[in-house]
$ cat my_file-v7.cif   # mmCIF, C-alpha atoms
data_query
#
loop_
_atom_site.label_atom_id
_atom_site.label_comp_id
_atom_site.auth_asym_id
_atom_site.auth_seq_id
_atom_site.Cartn_x
_atom_site.Cartn_y
_atom_site.Cartn_z
CA MET A 1 109.94 95.87 82.80
CA GLY A 2 109.45 99.41 84.13
CA ASP A 3 109.76 101.06 80.69
CA THR A 4 107.40 98.49 79.17
CA MET A 5 104.82 99.07 81.89
CA LYS A 6 105.02 102.85 81.41
CA THR A 7 104.55 102.55 77.64
CA LEU A 8 101.58 100.25 78.14
CA ARG A 9 100.03 102.60 80.72
CA ARG A 10 100.34 105.58 78.37
CA SER A 11 98.65 103.77 75.48
CA ILE A 12 96.04 102.23 77.75
CA ARG A 13 95.01 105.53 79.34
CA SER A 14 94.64 107.22 75.97
CA SER A 15 92.12 104.60 74.92
CA ALA A 16 90.43 104.01 78.27
CA ALA A 17 86.98 105.07 77.12
CA ALA A 18 87.06 102.73 74.15
CA CYS A 19 88.09 99.85 76.40
CA LEU A 20 85.53 100.41 79.14
CA ALA A 21 83.11 97.77 77.90
CA VAL A 22 85.94 95.24 77.66
CA GLY A 23 87.06 96.19 81.14
CA LEU A 24 83.62 95.49 82.61
CA LEU A 25 83.61 92.02 81.13
CA LEU A 26 87.03 91.38 82.61
CA LEU A 27 85.85 92.06 86.15
CA ILE A 28 85.32 88.35 86.64
CA THR A 29 88.75 87.32 85.28
CA ALA A 30 92.28 87.42 86.60
CA CYS A 31 94.48 89.99 84.85
CA GLU A 32 98.13 90.90 85.00
CA PRO A 33 98.52 93.51 87.77
CA GLY A 34 99.04 97.19 87.11
CA TRP A 35 98.23 97.27 83.40
CA GLY A 36 94.85 99.03 83.45
CA THR A 37 91.90 98.52 81.16
CA GLY A 38 92.77 96.98 77.83
CA GLY A 39 96.13 95.72 79.12
CA CYS A 40 94.65 92.74 80.96
CA ASP A 41 95.34 89.20 79.87
CA PRO A 42 92.44 87.06 81.12
CA THR A 43 94.54 83.90 80.60
CA VAL A 44 97.04 84.98 83.25
CA THR A 45 96.79 83.27 86.63
CA PRO A 46 98.02 85.61 89.36
CA SER A 47 101.10 84.28 91.14
CA MET A 48 100.14 85.76 94.53
CA PRO A 49 97.19 87.46 96.24
CA ILE A 50 96.22 90.88 94.91
CA ALA A 51 96.97 92.59 98.22
CA GLU A 52 100.44 91.10 98.20
CA GLN A 53 101.03 92.21 94.63
CA TYR A 54 100.16 95.82 95.40
CA ALA A 55 101.90 95.86 98.76
CA GLY A 56 105.10 95.41 96.76
CA GLU A 57 106.92 98.22 95.02
CA GLY A 58 105.42 99.49 91.77
CA PRO A 59 107.21 99.91 88.43
CA TYR A 60 108.30 103.55 88.91
CA SER A 61 111.36 104.84 90.73
CA VAL A 62 110.33 107.78 92.90
CA THR A 63 111.47 111.12 94.22
CA SER A 64 109.95 113.98 96.17
CA THR A 65 109.62 117.74 95.84
CA ARG A 66 109.19 120.27 98.66
CA THR A 67 107.17 123.48 98.48
CA THR A 68 106.27 125.96 101.22
CA ASP A 69 103.18 124.00 102.31
CA PHE A 70 103.49 120.58 100.72
CA ARG A 71 105.65 117.58 100.02
CA ILE A 72 105.00 115.95 96.66
CA TYR A 73 105.93 112.31 96.06
CA HIS A 74 106.01 111.33 92.41
CA PRO A 75 107.61 109.10 89.77
CA ARG A 76 111.15 110.24 88.99
CA GLN A 77 110.45 110.01 85.26
CA MET A 78 106.85 111.07 84.64
CA ASP A 79 105.32 109.81 81.41
CA GLY A 80 102.02 111.70 81.48
CA TYR A 81 98.47 111.24 82.82
CA HIS A 82 99.44 110.45 86.40
CA PRO A 83 96.46 110.50 88.80
CA ILE A 84 96.65 112.68 91.90
CA ILE A 85 96.29 111.55 95.52
CA THR A 86 95.98 114.16 98.26
CA TRP A 87 97.13 113.16 101.76
CA GLY A 88 96.31 114.35 105.31
CA ASN A 89 98.53 113.76 108.36
CA GLY A 90 97.34 112.60 111.76
CA THR A 91 97.15 115.10 114.61
CA GLY A 92 100.61 116.49 115.37
CA ALA A 93 102.27 113.99 113.02
CA PRO A 94 104.95 115.08 110.52
CA THR A 95 104.53 114.19 106.87
CA MET A 96 107.89 112.42 106.90
CA GLY A 97 106.44 109.84 109.27
CA TYR A 98 104.26 108.60 106.41
CA SER A 99 106.89 108.86 103.66
CA PRO A 100 107.24 105.09 103.15
CA LEU A 101 103.53 104.81 102.29
CA LEU A 102 103.50 107.95 100.14
CA ASN A 103 106.62 106.84 98.24
CA HIS A 104 104.98 103.45 97.76
CA LEU A 105 101.90 105.02 96.15
CA ALA A 106 104.16 107.13 93.91
CA SER A 107 105.92 103.95 92.76
CA TRP A 108 102.58 102.84 91.31
CA GLY A 109 102.33 105.97 89.16
CA PHE A 110 100.48 108.39 91.43
CA VAL A 111 101.51 111.94 92.21
CA VAL A 112 100.88 112.29 95.93
CA ILE A 113 100.62 115.73 97.50
CA ALA A 114 100.83 115.85 101.29
CA SER A 115 100.10 118.93 103.33
CA ASP A 116 102.82 119.63 105.89
CA SER A 117 100.11 120.75 108.31
CA ALA A 118 99.54 118.60 111.39
CA MET A 119 95.91 119.79 111.55
CA THR A 120 94.19 118.53 108.41
CA GLY A 121 90.79 117.48 109.74
CA SER A 122 88.84 120.14 107.87
CA GLY A 123 90.01 118.81 104.51
CA ASP A 124 90.87 122.37 103.46
CA GLU A 125 94.61 121.68 103.33
CA MET A 126 93.99 118.58 101.22
CA ARG A 127 91.77 120.47 98.79
CA ALA A 128 94.47 123.15 98.60
CA GLY A 129 96.89 120.43 97.54
CA VAL A 130 94.56 119.50 94.70
CA ASP A 131 94.34 123.17 93.69
CA TYR A 132 98.12 123.42 93.69
CA LEU A 133 98.71 120.43 91.42
CA ILE A 134 95.94 121.35 88.99
CA ALA A 135 97.55 124.79 88.64
CA GLU A 136 101.00 123.21 88.19
CA ASN A 137 99.65 120.94 85.46
CA GLN A 138 98.79 124.07 83.47
CA LYS A 139 102.11 125.91 83.96
CA PRO A 140 104.57 125.42 81.08
CA ALA A 141 107.56 125.88 83.40
CA SER A 142 106.37 123.31 85.95
CA PRO A 143 107.80 119.77 86.01
CA PHE A 144 104.17 118.64 86.34
CA HIS A 145 103.02 120.48 83.21
CA GLY A 146 100.79 118.17 81.18
CA MET A 147 101.77 115.20 83.33
CA LEU A 148 98.69 114.85 85.54
CA ASP A 149 95.29 113.28 85.06
CA THR A 150 93.29 115.98 86.82
CA GLY A 151 90.09 114.03 86.23
CA LYS A 152 91.29 111.20 88.50
CA ILE A 153 91.95 112.36 92.06
CA GLY A 154 91.96 110.35 95.28
CA ALA A 155 92.02 111.37 98.94
CA THR A 156 93.50 109.51 101.89
CA GLY A 157 94.97 110.27 105.28
CA HIS A 158 95.36 108.92 108.78
CA SER A 159 93.38 109.63 111.95
CA GLN A 160 92.52 113.35 111.88
CA GLY A 161 93.81 113.28 108.29
CA GLY A 162 91.42 110.41 107.61
CA GLY A 163 88.58 112.67 108.69
CA GLY A 164 90.13 115.30 106.45
CA ALA A 165 90.06 112.82 103.56
CA ILE A 166 86.33 112.30 104.16
CA ASN A 167 85.78 116.06 104.16
CA ALA A 168 87.97 116.56 101.08
CA ALA A 169 85.93 113.86 99.31
CA THR A 170 82.86 116.09 99.50
CA ASP A 171 84.57 118.02 96.68
CA PRO A 172 83.20 116.71 93.36
CA ARG A 173 86.73 116.69 91.93
CA ILE A 174 87.63 113.78 94.25
CA THR A 175 87.01 110.50 92.44
CA CYS A 176 87.36 108.21 95.47
CA ALA A 177 88.78 108.11 98.99
CA ALA A 178 90.42 105.67 101.39
CA PRO A 179 90.51 107.16 104.92
CA LEU A 180 92.70 105.27 107.42
CA ALA A 181 91.43 105.00 111.02
CA PRO A 182 89.49 108.22 110.37
CA SER A 183 87.96 110.68 112.74
CA PRO A 184 84.36 111.63 111.79
CA GLY A 185 83.73 113.85 108.78
CA GLU A 186 80.95 115.04 106.50
CA ILE A 187 80.33 111.48 105.39
CA ARG A 188 76.86 112.04 103.92
CA ASN A 189 78.26 114.59 101.45
CA VAL A 190 81.02 112.39 100.04
CA LYS A 191 80.71 112.15 96.25
CA GLY A 192 82.62 109.03 95.20
CA PRO A 193 83.35 105.45 96.33
CA LEU A 194 84.79 105.10 99.81
CA PHE A 195 87.10 102.54 101.43
CA LEU A 196 87.03 103.03 105.20
CA VAL A 197 89.92 101.26 106.92
CA ALA A 198 90.15 100.44 110.62
CA GLY A 199 92.54 98.51 112.83
CA ALA A 200 90.94 95.75 114.89
CA ASP A 201 93.14 96.65 117.88
CA ASP A 202 92.70 100.43 117.58
CA THR A 203 91.53 101.90 120.88
CA LEU A 204 91.60 105.53 119.68
CA THR A 205 89.39 105.47 116.59
CA THR A 206 87.84 102.12 117.24
CA PRO A 207 86.17 100.00 114.55
CA GLY A 208 82.87 100.50 116.36
CA MET A 209 83.22 104.26 116.28
CA ILE A 210 84.10 104.26 112.58
CA ARG A 211 81.14 102.01 111.84
CA LEU A 212 78.78 104.28 113.77
CA THR A 213 80.04 107.68 112.60
CA SER A 214 81.11 106.86 109.04
CA TYR A 215 80.08 103.51 107.56
CA ASN A 216 76.49 103.54 108.79
CA ARG A 217 75.98 107.09 107.50
CA ALA A 218 77.68 106.72 104.12
CA THR A 219 75.46 107.15 101.08
CA VAL A 220 77.98 106.24 98.36
CA PRO A 221 79.37 102.79 97.45
CA THR A 222 81.38 101.96 100.57
CA PHE A 223 83.71 99.24 101.80
CA PHE A 224 84.58 99.02 105.48
CA GLY A 225 87.63 96.89 106.19
CA ILE A 226 88.88 96.03 109.68
CA ALA A 227 92.46 94.75 109.59
CA LYS A 228 93.29 92.19 112.24
CA GLY A 229 96.43 92.86 114.28
CA MET A 230 96.53 96.59 113.50
CA ASP A 231 96.22 99.37 116.06
CA HIS A 232 96.03 103.12 115.57
CA MET A 233 99.74 103.61 115.00
CA SER A 234 100.15 100.64 112.65
CA PHE A 235 99.22 102.91 109.75
CA VAL A 236 102.22 105.19 110.36
CA GLY A 237 105.24 104.47 108.18
CA ASN A 238 104.38 102.18 105.29
CA GLY A 239 100.66 101.70 106.01
CA GLY A 240 101.12 98.26 107.51
CA ALA A 241 98.75 95.49 106.47
CA ALA A 242 96.46 98.03 104.78
CA ARG A 243 99.01 99.09 102.16
CA GLY A 244 98.20 96.48 99.52
CA TYR A 245 94.44 96.93 99.53
CA VAL A 246 94.63 100.73 99.70
CA THR A 247 96.95 100.71 96.69
CA ALA A 248 94.64 98.34 94.82
CA TRP A 249 91.68 100.62 95.61
CA PHE A 250 93.35 103.60 94.01
CA MET A 251 94.70 101.54 91.10
CA TYR A 252 91.19 100.42 90.25
CA TYR A 253 89.35 103.72 90.63
CA LEU A 254 92.09 106.06 89.39
CA GLN A 255 94.00 103.94 86.86
CA ASN A 256 91.23 101.64 85.55
CA ASP A 257 93.22 98.60 86.70
CA ILE A 258 90.72 95.76 86.45
CA TYR A 259 93.01 93.26 88.15
CA ALA A 260 93.22 95.54 91.19
CA GLY A 261 89.43 95.85 91.19
CA GLU A 262 89.17 92.12 91.82
CA ALA A 263 90.31 92.88 95.36
CA PHE A 264 86.88 94.43 95.97
CA LEU A 265 84.55 93.40 93.12
CA GLY A 266 84.02 90.16 91.25
CA ARG A 267 85.68 87.50 93.38
CA CYS A 268 86.36 90.17 96.06
CA GLU A 269 89.63 89.00 97.54
CA ILE A 270 89.33 91.17 100.65
CA CYS A 271 85.89 89.65 101.38
CA ASN A 272 87.54 86.23 101.67
CA ASP A 273 90.74 87.34 103.39
CA ALA A 274 90.92 85.81 106.87
CA ASN A 275 92.95 88.79 108.08
CA TRP A 276 90.11 91.21 107.39
CA GLU A 277 86.53 91.70 108.53
CA VAL A 278 84.62 93.38 105.73
CA SER A 279 81.26 95.11 105.27
CA ARG A 280 80.04 96.78 102.11
CA LYS A 281 76.99 98.80 101.07
CA ASN A 282 75.49 100.59 98.08
CA TYR A 283 77.11 98.22 95.58
CA PRO A 284 74.91 96.33 93.08
#
$ encode --input "my_file-v7.cif" --output "structure tokens"
Amino acid sequence: MGDTMKTLRRSIRSSAAACLAVGLLLLITACEPGWGTGGCDPTVTPSMPIAEQYAGEGPYSVTSTRTTDFRIYHPRQMDGYHPIITWGNGTGAPTMGYSPLLNHLASWGFVVIASDSAMTGSGDEMRAGVDYLIAENQKPASPFHGMLDTGKIGATGHSQGGGGAINAATDPRITCAAPLAPSPGEIRNVKGPLFLVAGADDTLTTPGMIRLTSYNRATVPTFFGIAKGMDHMSFVGNGGAARGYVTAWFMYYLQNDIYAGEAFLGRCEICNDANWEVSRKNYP
């Protein structure tokens, strides 16, 4: 199945522009997960909720690479046109504490670059990660040469790193962002769609604080999801209950996966999920 999925992704991405109109029509249908625009079969009935689908492991086996300043989580066998996600750690937290989540995203075809800094709130370290991978994509000797879709870049992080993801998303190269329990950032200057995630039981960056400092001030299309039963540290490790929806967010906006988009648009699974309280703004 993995090889088939990779072949389909490669052909789908190369014809994404031609399939855009078809993809828009499919927003109101159920499609096989993870296949992107043009690979959807509207006759397929999903066997489980979208969040559950994307909380599971993706089709790629994964590995990681270490540089002086970064850890890079990526598919073991890259087949080209992999979107980039840049990650920011929480205050004082080691990157390895988030490895299960970052490996999970890599299993869905993303190349995830995580700054090893424990102070990522400015977003500078996360933008530097983007710079690094774009340069590697152009180097003939690099294992990432010609393998990255540098036009599709996401930003995410936890706590201070969530604020860093907001700040990094002020860079026009960032397509979309999904900050987790974020500290405040330059929210009014964010360029692309935003999925703000909070834990209902978080007493450090509370849902009320995130609503006041981020959601209420956002000017781009924004979802604000409050996950029941999650506190501030629930995001450490594999991302907890947020993992499936965060993965679906990036699959939709970075890989043109229309099925994943149904988690937020069309029938909006997260809007009807009893485990989440959801607000949204600036969507048609």
$ resolve_selection --input "my_file-v7.cif" --expression "the PyMOL selection byres ((chain A and resi 62-70) around 10)" --output "JSON, numbers by chain"
{"A": [58, 59, 60, 61, 71, 72, 73, 74, 75, 76, 77, 78, 87, 95, 99, 102, 103, 104, 105, 106, 107, 108, 109, 110, 111, 112, 113, 114, 115, 116, 117, 125, 126, 128, 129, 132]}
$ closest_atom_pairs --input "my_file-v7.cif" --of "stretch 63-151 of chain A" --to "stretch 218-241 of chain A" --cutoff "6 Å" --atoms "all atoms listed in the file" --output "Markdown table"
| residue | atom | partner | partner_atom | distance |
| --- | --- | --- | --- | --- |
| A:Gly97 | CA | A:Gly237 | CA | 5.6 |
| A:Tyr98 | CA | A:Gly237 | CA | 4.6 |
| A:Pro100 | CA | A:Asn238 | CA | 4.6 |
| A:Leu101 | CA | A:Asn238 | CA | 4.1 |
$ atom_distance --input "my_file-v7.cif" --atom1 "atom CA of A:Met119" --atom2 "atom CA of A:Thr213"
20.0 Å
$ atom_distance --input "my_file-v7.cif" --atom1 "atom CA of A:Ala177" --atom2 "atom CA of A:Phe264"
14.1 Å
$ atom_distance --input "my_file-v7.cif" --atom1 "atom CA of A:Arg217" --atom2 "atom CA of A:Ile166"
12.1 Å
$ resolve_selection --input "my_file-v7.cif" --expression "the PyMOL selection byres ((chain A and resi 188-195) around 10)" --output "PyMOL selection string"
chain A and resi 154-156+165-180+185-187+196-198+214-225+245-246+249-250+253+264+280+282-283
$ closest_residue --input "my_file-v7.cif" --among "A:Asn256, A:Ala248, A:Lys281, A:Gly157" --to "A:Pro49" --atoms "only C-alpha atoms"
A:Ala248
$ closest_residue --input "my_file-v7.cif" --among "A:His82, A:Ala260, A:Ile270, A:Gly121" --to "A:Gly146" --atoms "only C-alpha atoms"
A:His82
$ closest_residue --input "my_file-v7.cif" --among "A:Leu133, A:Gly244, A:Glu52, A:Tyr252" --to "A:Met147" --atoms "all atoms listed in the file"
A:Leu133
$ residues_around --input "my_file-v7.cif" --residues "A:Arg127" --least-positions-apart "3" --cutoff "8 Å" --atoms "all atoms listed in the file" --output "PyMOL selection string"
chain A and resi 86+123-124+130-131+168+171
$ closest_residue --input "my_file-v7.cif" --among "A:Asp201, A:His145, A:Glu269, A:Gln138" --to "A:Met48" --atoms "only C-alpha atoms"
A:Glu269
$ closest_residue --input "my_file-v7.cif" --among "A:His158, A:Pro184, A:Cys271, A:Ala55" --to "A:Gly92" --atoms "all atoms listed in the file"
A:His158
$ closest_residue --input "my_file-v7.cif" --among "A:Pro83, A:Gly199, A:Pro182, A:Gly56" --to "A:Gln255" --atoms "all atoms listed in the file"
A:Pro83
$ decode --input "my_file-v7.cif" --residues "stretch 230-241 of chain A" --atoms "C-alpha atoms" --output "CSV table (one decimal), in the first residue's frame"
chain,number,residue,atom,x,y,z
A,230,MET,CA,-6.2,18.0,27.5
A,231,ASP,CA,-3.9,20.2,29.7
A,232,HIS,CA,-0.7,22.1,28.8
A,233,MET,CA,1.5,19.0,28.9
A,234,SER,CA,-0.8,16.8,27.0
A,235,PHE,CA,0.7,18.1,23.8
A,236,VAL,CA,4.2,16.7,24.7
A,237,GLY,CA,5.0,13.4,23.2
A,238,ASN,CA,2.6,12.4,20.4
A,239,GLY,CA,0.4,15.5,20.5
A,240,GLY,CA,-2.4,13.7,22.4
A,241,ALA,CA,-6.0,14.2,21.2
